[in-house]
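Peer 1: Here you go, one structure.
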There are 2 protein chains.
Amino acid sequence: MQEVLGTLSPEQYVLVYNAFSFGLAAFAAATIFFWLGRSQVAPEYKTALTITGLVTFIAFYHYFRIFESFDAAVTLSGGVVEATGKEFNRAYRYVDWLLTVPLLLIELILVMRLTQAETVSKSTTLGVAAALMILLGYPGEVSEGIDNTRLIWGALSMIPFLYIVYSLYVGLGEAIKRQPEDVKGLIKLARNVTVASWFFYPVVYFAPFVIDLSGADAFAVIEVGYTIADIIAKAAFGVLIYVIAVRKSAASA
Amino acid sequence: MQEVLGTLSPEQYVLVYNAFSFGLAAFAAATIFFWLGRSQVAPEYKTALTITGLVTFIAFYHYFRIFESFDAAVTLSGGVVEATGKEFNRAYRYVDWLLTVPLLLIELILVMRLTQAETVSKSTTLGVAAALMILLGYPGEVSEGIDNTRLIWGALSMIPFLYIVYSLYVGLGEAIKRQPEDVKGLIKLARNVTVASWFFYPVVYFAPFVIDLSGADAFAVIEVGYTIADIIAKAAFGVLIYVIAVRKSAASA
């Protein structure tokens with residue numbers, strides 16, 4: 001992994017560097033937006049916005065760490081990119097997902113205002129499935145080899161992944177049908193954005209089996225791709241949650 | 001202790017590093033969640049949430065220190081783990097527990113809304129017992145030898161430990177029976193989570209008498225284990241306190 005950093009072109013270095021800074025700024029701004037928005041929704045939607053802001057806050061923290069780690073691991077000086085030897089910690093992304101992915105699913109459940117029992121049971125099963133999905137992916141990711149370790153853990157990780165997708169369409173599909181008419185489309189959109197943006201992650205995870213991702217090009221594409229996927233799955237998704245909360249608050253007023 | 005840091009494998013180094021960062025992020029997020037949640041509960045439960053957030057805030061501070069201390073004591077560069085010679089301060093955990101463990105017990109008492117006299121007497125006795133438990137464990141922990149010093153202080157520390165467990169089941173058991181039906185199960189769960197997660201600490205404390213914990217494997221297991229135990233005992237426990245406070249507020253509204 002480390003060797004590839006020194007082979008980045010100056011353009012690639014600048015692109016990745018700015019993508020991380022962009023992520024950091026986007027998540028900080030999104031966090032403030034969601035928390036300030038808490039005062040504008042009915043009491044029953046405040047927790048959904050608190051958690052929406054927590055997700056972007058945690059992502060902000062990790063993009064700050066990723067940015068600092070990249071900055072310490074590679075330098076661009078006199079037009080030359082050089083690896084310093086310091087490790088670039090790619091695992092920050094896993095730590096981030098372990099915290100944020102369960103919370104993302106809980107946001108969606110909270111904004112739907114199901115019964116107390118349904119909220120608790122769906123938050124628990126989907127939250128645990130999401131944490132399991134990330135934990136199972138980790139050993140394969142850090143093994144670094146394109147071998148059975150990666151394949152087996154990746155395959156295991158896909159079980160909770162598919163369970164979540166299934167639950168969002170079938171289990172929550174029923175609950176979505178009971179939502180008020182003017183937010184039903186938005187809730188479906190939020191669910192679809194979640195699932196669509198998530199597909200980027202397993203594609204990157206399994207891509208090394210098909211194509212060689214060891215080069216600088218692949219590094220730049222993956223890091224910029226993850227950043228875009230994260231922003232869509234967390235900040236853009238959060239805006240949908242916010243709009244749903246505002247509309248439902250207006251309807252209940 | 002210091003020699004072991006240089007013998008960590010790169011995978012162990014990354015795992016411990018990310019566990020500390022995970023703890024830091026989890027406690028920061030939990031703190032904000034509890035403090036924002038104060039506005040959503042009845043006035044009589046605000047103090048319980050303030051203290052719940054204080055516990056995670058103090059833990060956030062200490063995980064930041066632990067992370068920085070680890071980062072200064074060991075480096076991973078060019079795929080090689082090296083100890084810098086700087087001391088990794090394990091005592092941060094004790095300082096953290098000395099502040100947070102009494103507060104954790106007070107949270108649980110506050111959310112139960114006992115009479116004023118009971119609240120004061122139980123908070124005082126359990127709080128003092130918890131502080132005593134930590135203080136008595138400390139001299140054994142820093143002695144570093146697997147000898148009588150560790151054994152005697154550890155045994156002394158177990159006296160308040162067992163007193164607390166006894167009080168939570170017998171003394172508070174009566175008070176739990178008087179709680180409203182819809183939160184009784186949650187309060188029992190909160191009490192059980194506390195006791196179950198606490199058992200990790202004496203197990204690690206006394207383990208050196210039975211098995212050799214001086215290696216890198218043991219270091220990684222202990223540090224990751226403490227982090228998980230802390231997150232369960234403080235953040236997950238806090239979420240239970242929050243849910244109890246919200247339900248009781250709704251019932252009293």
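Residues in the structure tokens are numbered from 1 in each chain, the chains being A, B, ... in the order shown, and ligands are numbered from 1 in the order shown.
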Name all residues at most 8 Å from segment 161-165 of chain B (count only C-alpha atoms; drop same-chain ones fewer than 6 positions away) and give them as a ChimeraX atom specification.

Peer 2: /B:126,129-130,133,195

Peer 1: For those residues, write N, CA and C atoms to a file as a short mmCIF file (atom, residue, chain, number, x, y, z; two decimals), in the first residue's frame.

Peer 2:
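So selection-v8.cif came out as:
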data_model
loop_
_atom_site.label_atom_id
_atom_site.label_comp_id
_atom_site.auth_asym_id
_atom_site.auth_seq_id
_atom_site.Cartn_x
_atom_site.Cartn_y
_atom_site.Cartn_z
N LEU B 126 -22.81 4.41 47.08
CA LEU B 126 -22.32 3.74 45.86
C LEU B 126 -21.18 4.53 45.21
N ALA B 129 -18.07 3.99 47.31
CA ALA B 129 -17.59 2.62 47.12
C ALA B 129 -16.89 2.48 45.77
N ALA B 130 -17.44 3.11 44.73
CA ALA B 130 -16.86 3.03 43.39
C ALA B 130 -15.49 3.70 43.36
N MET B 133 -13.03 1.52 45.14
CA MET B 133 -12.69 0.37 44.32
C MET B 133 -11.55 0.70 43.35
N VAL B 195 -23.14 -4.44 35.49
CA VAL B 195 -22.44 -5.51 36.19
C VAL B 195 -21.68 -6.41 35.21
#

Peer 1: Wanna dump the chain A-chain B contacts at 6 Å for me, each residue with its shortest atom pair and the distance in Å to one decimal, counting only C-alpha atoms, ordered by chain and number, as a Markdown table?

Peer 2:
| residue | atom | partner | partner_atom | distance |
| --- | --- | --- | --- | --- |
| A:Gly85 | CA | B:Gly78 | CA | 4.8 |
| A:Lys86 | CA | B:Ser77 | CA | 4.5 |
| A:Glu87 | CA | B:Ser77 | CA | 5.7 |
| A:Val95 | CA | B:Phe22 | CA | 5.9 |

Peer 1: Please produce an output containing N, CA and C atoms for each residue in the selection, written as a compact mmCIF listing (two decimals), in the first residue's frame.

Peer 2:
# COMPACT_ATOMS: atom_id res chain seq x y z
N GLY A 85 7.11 7.44 4.24
CA GLY A 85 7.33 6.20 4.96
C GLY A 85 6.28 6.01 6.05
N LYS A 86 5.73 7.11 6.55
CA LYS A 86 4.66 7.02 7.56
C LYS A 86 3.44 6.34 6.95
N GLU A 87 2.82 5.49 7.74
CA GLU A 87 1.67 4.73 7.27
C GLU A 87 0.47 5.65 6.98
N VAL A 95 -13.53 2.24 10.73
CA VAL A 95 -13.94 2.72 12.05
C VAL A 95 -15.14 3.66 11.87

Peer 1: Compile the contact shell of Val81 of chain B as a list of chain:residue names: residues with an atom at most 7 Å away, counting only C-alpha atoms, same-chain residues fewer than 6 positions apart removed.

Peer 2: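 Neighbouring residues, sequence-local ones excluded: B:Gly6, B:Leu8, B:Ser9, B:Pro10, B:Val74, B:Thr75.
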
Peer 1: DSSP says alpha helix (DSSP H) for which residues of segment 149-200 of chain A? Put them as an MDAnalysis selection string?

Peer 2: chainID A and resid 149:166 172:177 181:198 200

Peer 1: Dump C-alpha atoms for the selected residues as a compact mmCIF listing (two decimals), in the first residue's frame?

Peer 2:
# COMPACT_ATOMS: atom_id res chain seq x y z
CA THR A 149 -8.92 -14.35 3.19
CA ARG A 150 -10.31 -11.36 1.35
CA LEU A 151 -12.79 -13.49 -0.56
CA ILE A 152 -14.17 -15.39 2.46
CA TRP A 153 -14.56 -12.38 4.78
CA GLY A 154 -15.99 -10.37 1.91
CA ALA A 155 -18.52 -13.10 1.17
CA LEU A 156 -19.48 -13.34 4.86
CA SER A 157 -19.90 -9.58 4.98
CA MET A 158 -22.31 -9.77 2.04
CA ILE A 159 -24.78 -11.83 4.10
CA PRO A 160 -25.79 -8.98 6.45
CA PHE A 161 -25.48 -6.59 3.47
CA LEU A 162 -28.11 -8.49 1.51
CA TYR A 163 -30.23 -8.92 4.65
CA ILE A 164 -30.27 -5.13 5.11
CA VAL A 165 -31.17 -4.48 1.47
CA TYR A 166 -33.93 -7.10 1.74
CA LEU A 172 -39.76 -1.54 5.67
CA GLY A 173 -41.68 -1.55 2.37
CA GLU A 174 -44.92 -2.22 4.30
CA ALA A 175 -44.21 0.61 6.76
CA ILE A 176 -43.40 2.98 3.89
CA LYS A 177 -46.83 2.33 2.38
CA GLU A 181 -48.74 10.82 0.95
CA ASP A 182 -46.52 13.95 0.73
CA VAL A 183 -43.43 12.25 2.21
CA LYS A 184 -43.86 8.71 0.86
CA GLY A 185 -41.86 9.50 -2.29
CA LEU A 186 -39.09 11.15 -0.25
CA ILE A 187 -38.79 8.19 2.11
CA LYS A 188 -38.56 5.83 -0.86
CA LEU A 189 -35.92 8.12 -2.37
CA ALA A 190 -33.95 8.12 0.92
CA ARG A 191 -34.06 4.34 1.01
CA ASN A 192 -32.99 4.07 -2.65
CA VAL A 193 -30.15 6.58 -2.16
CA THR A 194 -28.90 4.45 0.75
CA VAL A 195 -28.92 1.24 -1.22
CA ALA A 196 -27.54 2.78 -4.43
CA SER A 197 -24.67 4.59 -2.71
CA TRP A 198 -23.81 1.45 -0.72
CA PHE A 200 -19.97 1.37 -4.46

Peer 1: Taking only C-alpha atoms into account, name the residue in B:Ile58, B:Leu136, B:Leu105, B:Met112 that is nearest to Thr124 of chain B.

Peer 2: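 Closest candidate: B:Leu105.
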
Peer 1: Rounded to one decimal, what separation in Å do you get between atom CA of Leu5 of chain A and atom CA of Tyr61 of chain A?

Peer 2: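 Taking atom CA of Leu5 of chain A and atom CA of Tyr61 of chain A, their separation equals 22.8 Å.
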